[in-house]
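Student: Below is the file run_17.csv, with CSV, C-alpha atoms and all ligand atoms.
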```csv
chain,number,residue,atom,x,y,z
Y,1,ASN,CA,14.7,-26.0,-2.3
Y,2,PRO,CA,14.7,-29.6,-3.8
Y,3,LEU,CA,11.0,-29.8,-3.1
Y,4,ASP,CA,10.3,-27.0,-5.5
Y,5,ASP,CA,11.2,-29.4,-8.4
Y,6,PRO,CA,7.8,-30.9,-9.4
Y,7,THR,CA,9.5,-34.0,-10.6
Y,8,ALA,CA,11.2,-34.6,-7.2
Y,9,ASP,CA,10.0,-37.4,-4.9
Y,10,PRO,CA,9.0,-35.8,-1.6
Y,11,PHE,CA,9.5,-39.1,0.3
Y,12,ALA,CA,13.1,-39.4,-1.1
Y,13,ILE,CA,13.8,-35.9,0.1
Y,14,ALA,CA,12.4,-36.7,3.5
Y,15,GLN,CA,14.7,-39.8,3.7
Y,16,LEU,CA,17.6,-37.5,2.8
Y,17,ALA,CA,16.6,-35.0,5.4
Y,18,ALA,CA,16.3,-37.8,8.0
Y,19,ALA,CA,19.8,-39.1,7.1
Y,20,THR,CA,21.2,-35.6,7.4
Y,21,ILE,CA,19.6,-35.2,10.9
Y,22,THR,CA,21.1,-38.6,11.9
Y,23,ASP,CA,24.5,-37.4,10.7
Y,24,LEU,CA,24.4,-34.0,12.3
Y,25,THR,CA,22.8,-35.1,15.6
Y,26,GLY,CA,24.6,-38.4,15.9
Y,27,VAL,CA,21.2,-39.9,16.8
Y,28,GLU,CA,20.1,-43.0,14.8
Y,29,LYS,CA,16.4,-42.9,15.6
Y,30,HIS,CA,13.9,-40.5,17.1
Y,31,ASP,CA,10.8,-41.9,18.8
Y,32,ILE,CA,8.5,-38.9,19.0
Y,33,ALA,CA,8.4,-35.6,17.0
Y,34,LEU,CA,6.9,-32.2,18.0
Y,35,THR,CA,6.2,-29.2,15.8
Y,36,LEU,CA,6.1,-26.2,18.0
Y,37,GLY,CA,3.7,-23.4,16.9
Y,38,SER,CA,3.2,-19.9,18.3
Y,39,GLY,CA,3.5,-19.8,22.0
Y,40,TRP,CA,4.9,-23.4,22.3
Y,41,GLY,CA,8.5,-22.5,21.7
Y,42,LYS,CA,9.6,-22.8,25.3
Y,43,ALA,CA,8.6,-26.4,25.5
Y,44,ALA,CA,11.7,-27.7,23.8
Y,45,ASP,CA,13.8,-26.3,26.7
Y,46,ILE,CA,12.0,-28.2,29.4
Y,47,ILE,CA,10.9,-31.5,28.0
Y,48,GLY,CA,14.4,-32.9,28.2
Y,49,GLU,CA,18.1,-32.3,27.4
Y,50,THR,CA,18.8,-30.8,23.9
Y,51,THR,CA,21.9,-32.6,22.7
Y,52,ALA,CA,22.0,-31.1,19.2
Y,53,THR,CA,20.5,-28.0,17.6
Y,54,LEU,CA,20.5,-27.8,13.8
Y,55,ALA,CA,19.7,-24.8,11.6
Y,56,ALA,CA,16.7,-26.0,9.6
Y,57,ALA,CA,18.2,-24.5,6.5
Y,58,ASP,CA,21.0,-27.0,6.7
Y,59,VAL,CA,18.6,-29.9,6.3
Y,60,PRO,CA,17.3,-30.7,2.8
Y,61,GLY,CA,13.8,-29.5,2.1
Y,62,PHE,CA,13.5,-27.1,5.1
Y,63,SER,CA,13.7,-23.4,4.8
Y,64,LYS,CA,13.9,-20.3,6.9
Y,65,PRO,CA,10.5,-19.7,8.6
Y,66,ALA,CA,8.5,-16.8,7.6
Y,67,LEU,CA,7.2,-15.9,11.1
Y,68,GLU,CA,9.6,-13.4,12.8
Y,69,GLY,CA,10.9,-14.7,16.2
Y,70,HIS,CA,10.6,-18.3,15.0
Y,71,VAL,CA,14.2,-19.4,14.9
Y,72,GLY,CA,14.3,-22.1,12.2
Y,73,THR,CA,15.8,-24.9,14.3
Y,74,ILE,CA,15.5,-28.6,14.5
Y,75,ARG,CA,16.5,-30.1,17.9
Y,76,SER,CA,17.3,-33.6,19.1
Y,77,VAL,CA,16.2,-33.9,22.8
Y,78,LEU,CA,17.0,-36.7,25.2
Y,79,LEU,CA,13.8,-37.3,27.3
Y,80,PRO,CA,13.9,-38.3,30.9
Y,81,ASN,CA,12.6,-41.8,29.8
Y,82,ASN,CA,15.6,-42.1,27.5
Y,83,LYS,CA,13.5,-41.8,24.4
Y,84,ARG,CA,14.5,-39.3,21.7
Y,85,ALA,CA,12.3,-36.3,20.7
Y,86,LEU,CA,12.8,-34.4,17.4
Y,87,VAL,CA,11.6,-30.8,18.0
Y,88,ILE,CA,10.9,-28.9,14.9
Y,89,GLY,CA,10.8,-25.2,15.3
Y,90,ALA,CA,10.7,-24.5,11.5
Y,91,ARG,CA,7.1,-24.9,10.3
Y,92,THR,CA,6.3,-23.8,6.7
Y,93,HIS,CA,2.8,-22.4,6.5
Y,94,TYR,CA,0.5,-22.9,3.6
Y,95,TYR,CA,0.1,-19.2,3.2
Y,96,GLU,CA,3.8,-18.9,2.2
Y,97,ASN,CA,2.7,-20.4,-1.1
Y,98,HIS,CA,5.6,-22.8,-1.4
Y,99,GLY,CA,3.2,-25.7,-2.0
Y,100,VAL,CA,1.8,-28.4,0.2
Y,101,ARG,CA,4.9,-30.6,-0.1
Y,102,ARG,CA,6.9,-28.0,1.8
Y,103,VAL,CA,4.2,-27.7,4.4
Y,104,VAL,CA,4.3,-31.4,5.3
Y,105,HIS,CA,8.0,-32.0,4.8
Y,106,SER,CA,8.7,-31.8,8.5
Y,107,VAL,CA,6.2,-34.5,9.3
Y,108,ARG,CA,7.5,-36.8,6.5
Y,109,THR,CA,11.1,-36.2,7.8
Y,110,ALA,CA,10.1,-36.9,11.4
Y,111,ALA,CA,8.5,-40.2,10.2
Y,112,ALA,CA,11.7,-41.0,8.3
Y,113,THR,CA,13.8,-40.6,11.4
Y,114,GLY,CA,11.7,-43.3,13.0
Y,115,ALA,CA,9.2,-41.3,15.0
Y,116,LYS,CA,5.9,-43.0,15.6
Y,117,THR,CA,4.2,-40.2,17.4
Y,118,MET,CA,3.6,-36.7,16.0
Y,119,ILE,CA,2.6,-33.8,18.3
Y,120,LEU,CA,1.4,-30.9,16.3
Y,121,THR,CA,1.0,-27.6,18.2
Y,122,ASN,CA,-0.2,-24.2,17.0
Y,123,GLY,CA,-1.5,-20.8,18.1
Y,124,ALA,CA,-5.1,-20.3,17.0
Y,125,GLY,CA,-8.3,-18.4,17.4
Y,126,GLY,CA,-11.0,-19.6,19.6
Y,127,ILE,CA,-14.7,-19.8,18.7
Y,128,LYS,CA,-15.9,-21.1,22.1
Y,129,ASP,CA,-16.5,-18.0,24.1
Y,130,THR,CA,-15.7,-19.9,27.4
Y,131,TRP,CA,-12.1,-19.9,26.2
Y,132,THR,CA,-9.8,-17.0,27.0
Y,133,PRO,CA,-6.5,-16.1,25.4
Y,134,GLY,CA,-3.8,-18.4,26.8
Y,135,THR,CA,-6.0,-21.5,27.0
Y,136,PRO,CA,-4.5,-24.7,25.5
Y,137,VAL,CA,-7.0,-27.1,23.9
Y,138,LEU,CA,-6.8,-30.5,22.5
Y,139,ILE,CA,-7.7,-31.0,18.8
Y,140,SER,CA,-10.4,-33.7,18.5
Y,141,ASP,CA,-10.9,-33.4,14.7
Y,142,HIS,CA,-10.4,-30.9,11.8
Y,143,LEU,CA,-12.2,-29.1,9.0
Y,144,ASN,CA,-9.7,-28.7,6.1
Y,145,LEU,CA,-10.8,-25.5,4.3
Y,146,THR,CA,-7.6,-25.3,2.2
Y,147,ALA,CA,-9.2,-27.3,-0.6
Y,148,ASP,CA,-5.8,-29.0,-0.8
Y,149,SER,CA,-4.2,-32.2,0.3
Y,150,PRO,CA,-0.7,-33.5,0.8
Y,151,LEU,CA,-1.8,-36.8,-0.7
Y,152,GLU,CA,-1.2,-37.2,-4.5
Y,153,GLY,CA,-2.9,-39.6,-6.8
Y,154,ALA,CA,-5.3,-42.3,-5.8
Y,155,THR,CA,-4.1,-42.5,-2.2
Y,156,PHE,CA,-7.5,-42.9,-0.5
Y,157,ILE,CA,-6.6,-42.7,3.2
Y,158,ASP,CA,-8.9,-43.1,6.2
Y,159,LEU,CA,-8.9,-40.2,8.6
Y,160,THR,CA,-11.1,-41.5,11.4
Y,161,ASP,CA,-9.5,-41.0,14.8
Y,162,LEU,CA,-6.9,-38.8,13.1
Y,163,TYR,CA,-6.3,-37.0,16.4
Y,164,SER,CA,-5.7,-40.0,18.6
Y,165,LYS,CA,-8.3,-40.5,21.2
Y,166,ARG,CA,-5.8,-42.5,23.2
Y,167,LEU,CA,-3.3,-39.6,23.3
Y,168,ARG,CA,-6.1,-37.1,24.1
Y,169,ALA,CA,-7.1,-39.3,27.1
Y,170,ILE,CA,-3.4,-39.4,28.3
Y,171,ALA,CA,-3.3,-35.5,28.0
Y,172,GLN,CA,-6.6,-35.2,29.9
Y,173,SER,CA,-5.3,-37.6,32.6
Y,174,ILE,CA,-2.4,-35.2,33.1
Y,175,ASP,CA,-4.6,-32.1,33.0
Y,176,PRO,CA,-8.3,-32.9,33.4
Y,177,SER,CA,-9.3,-29.3,32.8
Y,178,LEU,CA,-8.2,-29.6,29.1
Y,179,ASP,CA,-11.1,-28.9,26.8
Y,180,GLU,CA,-11.1,-30.1,23.1
Y,181,GLY,CA,-12.4,-28.7,19.9
Y,182,VAL,CA,-12.5,-29.1,16.1
Y,183,TYR,CA,-9.7,-27.2,14.3
Y,184,THR,CA,-10.6,-25.4,11.1
Y,185,GLN,CA,-7.6,-24.7,8.8
Y,186,PHE,CA,-8.1,-21.6,6.7
Y,187,ARG,CA,-5.6,-20.8,4.0
Y,188,GLY,CA,-4.7,-17.4,5.5
Y,189,PRO,CA,-2.6,-15.3,5.8
Y,190,HIS,CA,-5.5,-12.9,6.6
Y,191,TYR,CA,-7.5,-13.6,9.7
Y,192,GLU,CA,-11.2,-14.6,9.2
Y,193,THR,CA,-14.0,-12.1,8.9
Y,194,PRO,CA,-16.7,-12.4,11.6
Y,195,ALA,CA,-18.9,-14.0,9.0
Y,196,GLU,CA,-16.3,-16.7,8.2
Y,197,VAL,CA,-15.9,-17.4,11.9
Y,198,GLN,CA,-19.7,-17.9,12.2
Y,199,MET,CA,-19.5,-20.1,9.1
Y,200,ALA,CA,-16.8,-22.3,10.8
Y,201,LYS,CA,-19.0,-22.3,14.0
Y,202,ILE,CA,-22.0,-23.5,12.0
Y,203,MET,CA,-20.0,-26.2,10.4
Y,204,GLY,CA,-18.9,-27.5,13.8
Y,205,GLY,CA,-15.5,-25.8,14.2
Y,206,HIS,CA,-14.3,-24.5,17.6
Y,207,ILE,CA,-10.8,-23.3,16.6
Y,208,VAL,CA,-9.6,-21.3,13.6
Y,209,GLY,CA,-6.0,-21.5,12.4
Y,210,MET,CA,-3.7,-21.6,9.4
Y,211,SER,CA,-1.8,-24.8,9.9
Y,212,THR,CA,-2.0,-28.4,11.2
Y,213,ALA,CA,-4.7,-30.1,9.2
Y,214,LEU,CA,-2.5,-30.8,6.2
Y,215,GLU,CA,0.3,-31.9,8.4
Y,216,ALA,CA,-2.0,-34.3,10.3
Y,217,ILE,CA,-3.1,-35.9,7.0
Y,218,ALA,CA,0.6,-36.5,6.0
Y,219,ALA,CA,1.3,-37.9,9.5
Y,220,ARG,CA,-1.5,-40.4,9.1
Y,221,GLN,CA,-0.2,-41.3,5.7
Y,222,ALA,CA,3.2,-42.0,7.4
Y,223,GLY,CA,1.4,-44.2,9.9
Y,224,MET,CA,2.1,-41.9,12.9
Y,225,GLU,CA,-0.2,-41.5,15.9
Y,226,ILE,CA,-1.1,-37.9,16.2
Y,227,LEU,CA,-1.8,-35.5,19.1
Y,228,GLY,CA,-2.9,-31.9,18.1
Y,229,MET,CA,-3.0,-29.0,20.5
Y,230,SER,CA,-3.9,-25.4,20.0
Y,231,LEU,CA,-3.0,-22.5,22.2
Y,232,ILE,CA,-6.0,-20.2,22.0
Y,233,THR,CA,-4.1,-16.9,21.8
Y,234,ASN,CA,-7.1,-14.8,20.7
Y,235,LEU,CA,-10.8,-15.2,20.4
Y,236,ALA,CA,-11.7,-15.4,16.7
Y,237,ALA,CA,-12.9,-12.3,14.9
Y,238,GLY,CA,-16.4,-11.3,15.9
Y,239,ILE,CA,-16.4,-13.5,19.0
Y,240,GLN,CA,-14.6,-10.8,20.9
Y,241,THR,CA,-15.5,-7.2,20.6
Y,242,THR,CA,-12.0,-5.7,20.1
Y,243,PRO,CA,-10.2,-6.1,16.7
Y,244,LEU,CA,-7.4,-8.7,16.5
Y,245,SER,CA,-3.8,-7.5,17.0
Y,246,HIS,CA,-0.7,-9.6,16.3
Y,247,GLU,CA,0.9,-8.1,19.4
Y,248,GLU,CA,-2.0,-9.4,21.6
Y,249,VAL,CA,-1.5,-12.8,20.0
Y,250,LEU,CA,2.2,-12.9,20.8
Y,251,GLN,CA,1.7,-11.6,24.4
Y,252,ALA,CA,-1.0,-14.3,25.2
Y,253,GLY,CA,1.4,-16.9,23.9
Y,254,LYS,CA,4.2,-15.6,26.2
Y,255,ASP,CA,1.9,-15.6,29.2
Y,256,ALA,CA,0.8,-19.2,28.8
Y,257,GLU,CA,4.2,-20.6,28.0
Y,258,GLU,CA,5.1,-22.0,31.4
Y,259,GLN,CA,1.9,-24.0,31.8
Y,260,ILE,CA,1.7,-25.4,28.3
Y,261,SER,CA,5.4,-26.3,28.2
Y,262,ALA,CA,5.0,-28.2,31.5
Y,263,LEU,CA,1.9,-30.0,30.1
Y,264,LEU,CA,3.9,-31.1,27.0
Y,265,ALA,CA,6.8,-32.2,29.1
Y,266,GLN,CA,4.5,-34.7,30.9
Y,267,ILE,CA,2.7,-35.8,27.8
Y,268,VAL,CA,5.9,-36.7,25.9
Y,269,ILE,CA,7.0,-39.2,28.5
Y,270,ALA,CA,3.5,-40.5,29.4
I,301,LIG,N1,-6.9,-18.4,11.0
I,301,LIG,C1,-6.5,-17.9,12.2
I,301,LIG,N2,-5.3,-18.2,12.6
I,301,LIG,C2,-4.9,-17.7,13.8
I,301,LIG,N3,-3.7,-17.9,14.4
I,301,LIG,C3,-3.8,-17.2,15.5
I,301,LIG,I1,-2.2,-17.1,16.9
I,301,LIG,N4,-5.0,-16.7,15.7
I,301,LIG,C4,-5.7,-17.0,14.6
I,301,LIG,C5,-7.0,-16.7,14.2
I,301,LIG,O1,-7.8,-16.0,14.8
I,301,LIG,N5,-7.4,-17.2,13.0
```
When written as structure tokens, how does the structure in this file appear?
Ligand SMILES: Nc1nc2[nH]c(I)nc2c(=O)[nH]1
Tutor:
Amino acid sequence: NPLDDPTADPFAIAQLAAATITDLTGVEKHDIALTLGSGWGKAADIIGETTATLAAADVPGFSKPALEGHVGTIRSVLLPNNKRALVIGARTHYYENHGVRRVVHSVRTAAATGAKTMILTNGAGGIKDTWTPGTPVLISDHLNLTADSPLEGATFIDLTDLYSKRLRAIAQSIDPSLDEGVYTQFRGPHYETPAEVQMAKIMGGHIVGMSTALEAIAARQAGMEILGMSLITNLAAGIQTTPLSHEEVLQAGKDAEEQISALLAQIVIA
């Protein structure tokens, strides 16, 4: 992967990836980009008409996803409002240890295709005990516990309103029942101990996950407006009495797919 060369320029590789996407999809410019996390995969099918599906591995800087069941694709979707959505189903997680440049490459590539809005979705654990598995929540802010950043050098970037209040208001106008919470990105791949979940709670976190925060910082650096949404697929360790199971996580995502895909379909054209 060209991004594994420490002397490479990640922004040049994002431009190359964007040019490849334009060539392979025949679409000059994309207006909005979505990264679909666990449980959100179905959204791509219903937000509009997919006119091209690329294998992520065919686009410079992308690689085969580590999560089973996550087909590594990049899709160009024509929305009902004639805008173009780039749907990235090929997230690289920080826990794969390929470095933060690979984690945020999809966001930088989306920006290079012209997208001004970045929708970051994920599956996550819930700390609020009023949430049940299958509940989608808006991300209002984040706690970045990776001790890392996609920014290099003296790039001091403001992160206030990182998760756009304007886009959250649009989402809540579509579904007034949507709650919101602070997303805590842990490095993973292990889940948190109950004590670590309590630590996140004490620090003001409501959601625990292993993605999104670093991608959001890179999206802000690229000047994009960001909407983050988590599908609470399990209550975080210690919040619920039974131990976590990956199967439960996958099932909760499946059950919620219809509702959250319909929600996204309305948000992208709002
Ligand atoms: N860190 C963390 N990530 C997750 N992803 C999913 I799905 N559930 C969890 C969780 O409970 N903790």
Student: Find, counting all atoms listed in the file, the residue in Y:Val107, Y:Ile226, Y:Ile47, Y:Val59 that gets nearest to Asn82 in chain Y.
Tutor: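 Ranking Y:Val107, Y:Ile226, Y:Ile47, Y:Val59 by distance to Asn82 in chain Y, first place goes to Y:Ile47.
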Student: For a quick check of your reading of the model, name the residues lying within 10 Å of the coordinate (8.3, -22.5, -6.2), counting only C-alpha atoms, and write them as a list in words.
Tutor: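 Residues lying no farther than 10 Å from the given point: Asn1, Pro2, Leu3, Asp4, Asp5, Pro6, Asn97, His98, Gly99 and Arg102 of chain Y.
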Student: When you count only C-alpha atoms and all ligand atoms, which of these residues is closest to ligand LIG 301 (chain I): Y:Ser149, Y:Pro136, Y:Tyr163, Y:Glu258?
Tutor: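 With only C-alpha atoms and all ligand atoms as the atom set, the closest residue is Y:Pro136.
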Student: Using all atoms listed in the file, which residues of the polymer chains come no farther than 10 Å from ligand LIG 301 (chain I)? I'd like the answer as a ChimeraX atom specification.
Tutor: /Y:37-39,122-127,133,183-193,196-197,207-211,230-239,244-250,252-253
Student: Could you list, as a PDB file with C-alpha atoms, in the coordinates of the input, every residue within 8 Å of range 261-270 of chain Y, counting all atoms listed in the file and ignoring same-chain residues fewer than 2 positions away?
Tutor:
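What ended up in part.pdb:
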```pdb
ATOM      1  CA  ILE Y  32       8.500 -38.900  19.000  1.00  0.00           C
ATOM      2  CA  TRP Y  40       4.900 -23.400  22.300  1.00  0.00           C
ATOM      3  CA  LYS Y  42       9.600 -22.800  25.300  1.00  0.00           C
ATOM      4  CA  ALA Y  43       8.600 -26.400  25.500  1.00  0.00           C
ATOM      5  CA  ALA Y  44      11.700 -27.700  23.800  1.00  0.00           C
ATOM      6  CA  ILE Y  46      12.000 -28.200  29.400  1.00  0.00           C
ATOM      7  CA  ILE Y  47      10.900 -31.500  28.000  1.00  0.00           C
ATOM      8  CA  GLY Y  48      14.400 -32.900  28.200  1.00  0.00           C
ATOM      9  CA  LEU Y  79      13.800 -37.300  27.300  1.00  0.00           C
ATOM     10  CA  PRO Y  80      13.900 -38.300  30.900  1.00  0.00           C
ATOM     11  CA  ASN Y  81      12.600 -41.800  29.800  1.00  0.00           C
ATOM     12  CA  ILE Y 170      -3.400 -39.400  28.300  1.00  0.00           C
ATOM     13  CA  ALA Y 171      -3.300 -35.500  28.000  1.00  0.00           C
ATOM     14  CA  ILE Y 174      -2.400 -35.200  33.100  1.00  0.00           C
ATOM     15  CA  ASP Y 175      -4.600 -32.100  33.000  1.00  0.00           C
ATOM     16  CA  GLU Y 257       4.200 -20.600  28.000  1.00  0.00           C
ATOM     17  CA  GLU Y 258       5.100 -22.000  31.400  1.00  0.00           C
ATOM     18  CA  GLN Y 259       1.900 -24.000  31.800  1.00  0.00           C
TER      19      GLN Y 259
END
```
Student: Between CA of Ala17 in chain Y and CA of Leu214 in chain Y, what is the distance in Å, rounded to a tenth?
Tutor: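 Here the two named atoms are 19.6 Å from each other.
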Student: Please compute the CA of Thr135 in chain Y-CA of Ala218 in chain Y distance, one decimal, in Å.
Tutor: 26.6 Å
Student: To one decimal in Å, tell me the separation between CA of Gly181 in chain Y and CA of Leu138 in chain Y.
Tutor: 6.4 Å
Student: Measuring atom to atom with only C-alpha atoms, identify which of Y:Asp179, Y:Thr121, Y:Arg168, Y:Ser173 is nearest to Ala33 in chain Y.
Tutor: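 Using only C-alpha atoms, the shortest distance to Ala33 in chain Y belongs to Y:Thr121.
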Student: Just checking: using all atoms listed in the file, which residue out of Y:Gly223, Y:Gly204, Y:Pro150, Y:Gly134 ends up closest to Ile260 in chain Y?
Tutor: Y:Gly134
Student: Residues near Gln221 in chain Y, anyone? I mean within 9 Å using all atoms listed in the file, not counting same-chain ones fewer than 6 positions away, as a ChimeraX atom specification.
Tutor: /Y:108,151,155,157-158
Student: Could you check which of Y:Val100, Y:Val182, Y:Leu227, Y:Ala55 is closest to Pro10 in chain Y, using all atoms listed in the file?
Tutor: Y:Val100
Student: Find the spatial neighbours of Glu225 in chain Y, counting only C-alpha atoms, within a cut-off of 10 Å - ignore same-chain residues fewer than 2 positions away - and output them as a short mmCIF file (atom, residue, chain, number, x, y, z; two decimals) with C-alpha atoms, in the coordinates of the input.
Tutor:
```
data_model
loop_
_atom_site.label_atom_id
_atom_site.label_comp_id
_atom_site.auth_asym_id
_atom_site.auth_seq_id
_atom_site.Cartn_x
_atom_site.Cartn_y
_atom_site.Cartn_z
CA ILE Y 32 8.50 -38.90 19.00
CA ALA Y 115 9.20 -41.30 15.00
CA LYS Y 116 5.90 -43.00 15.60
CA THR Y 117 4.20 -40.20 17.40
CA MET Y 118 3.60 -36.70 16.00
CA ILE Y 119 2.60 -33.80 18.30
CA ASP Y 161 -9.50 -41.00 14.80
CA LEU Y 162 -6.90 -38.80 13.10
CA TYR Y 163 -6.30 -37.00 16.40
CA SER Y 164 -5.70 -40.00 18.60
CA LYS Y 165 -8.30 -40.50 21.20
CA ARG Y 166 -5.80 -42.50 23.20
CA LEU Y 167 -3.30 -39.60 23.30
CA ALA Y 216 -2.00 -34.30 10.30
CA ALA Y 219 1.30 -37.90 9.50
CA ARG Y 220 -1.50 -40.40 9.10
CA ALA Y 222 3.20 -42.00 7.40
CA GLY Y 223 1.40 -44.20 9.90
CA LEU Y 227 -1.80 -35.50 19.10
#
```
Student: Quick one: residues within 6 Å of range 85-94 of chain Y, all atoms listed in the file, excluding same-chain residues fewer than 5 positions away - as an MDAnalysis selection string?
Tutor: chainID Y and resid 30 32:36 65 72:77 103
Student: Of the residues Y:Thr51, Y:Thr130, Y:Asn144, Y:Thr20, which is the one nearest to Thr113 in chain Y, using all atoms listed in the file?
Tutor: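 That would be Y:Thr20, the residue with the smallest distance to Thr113 in chain Y.
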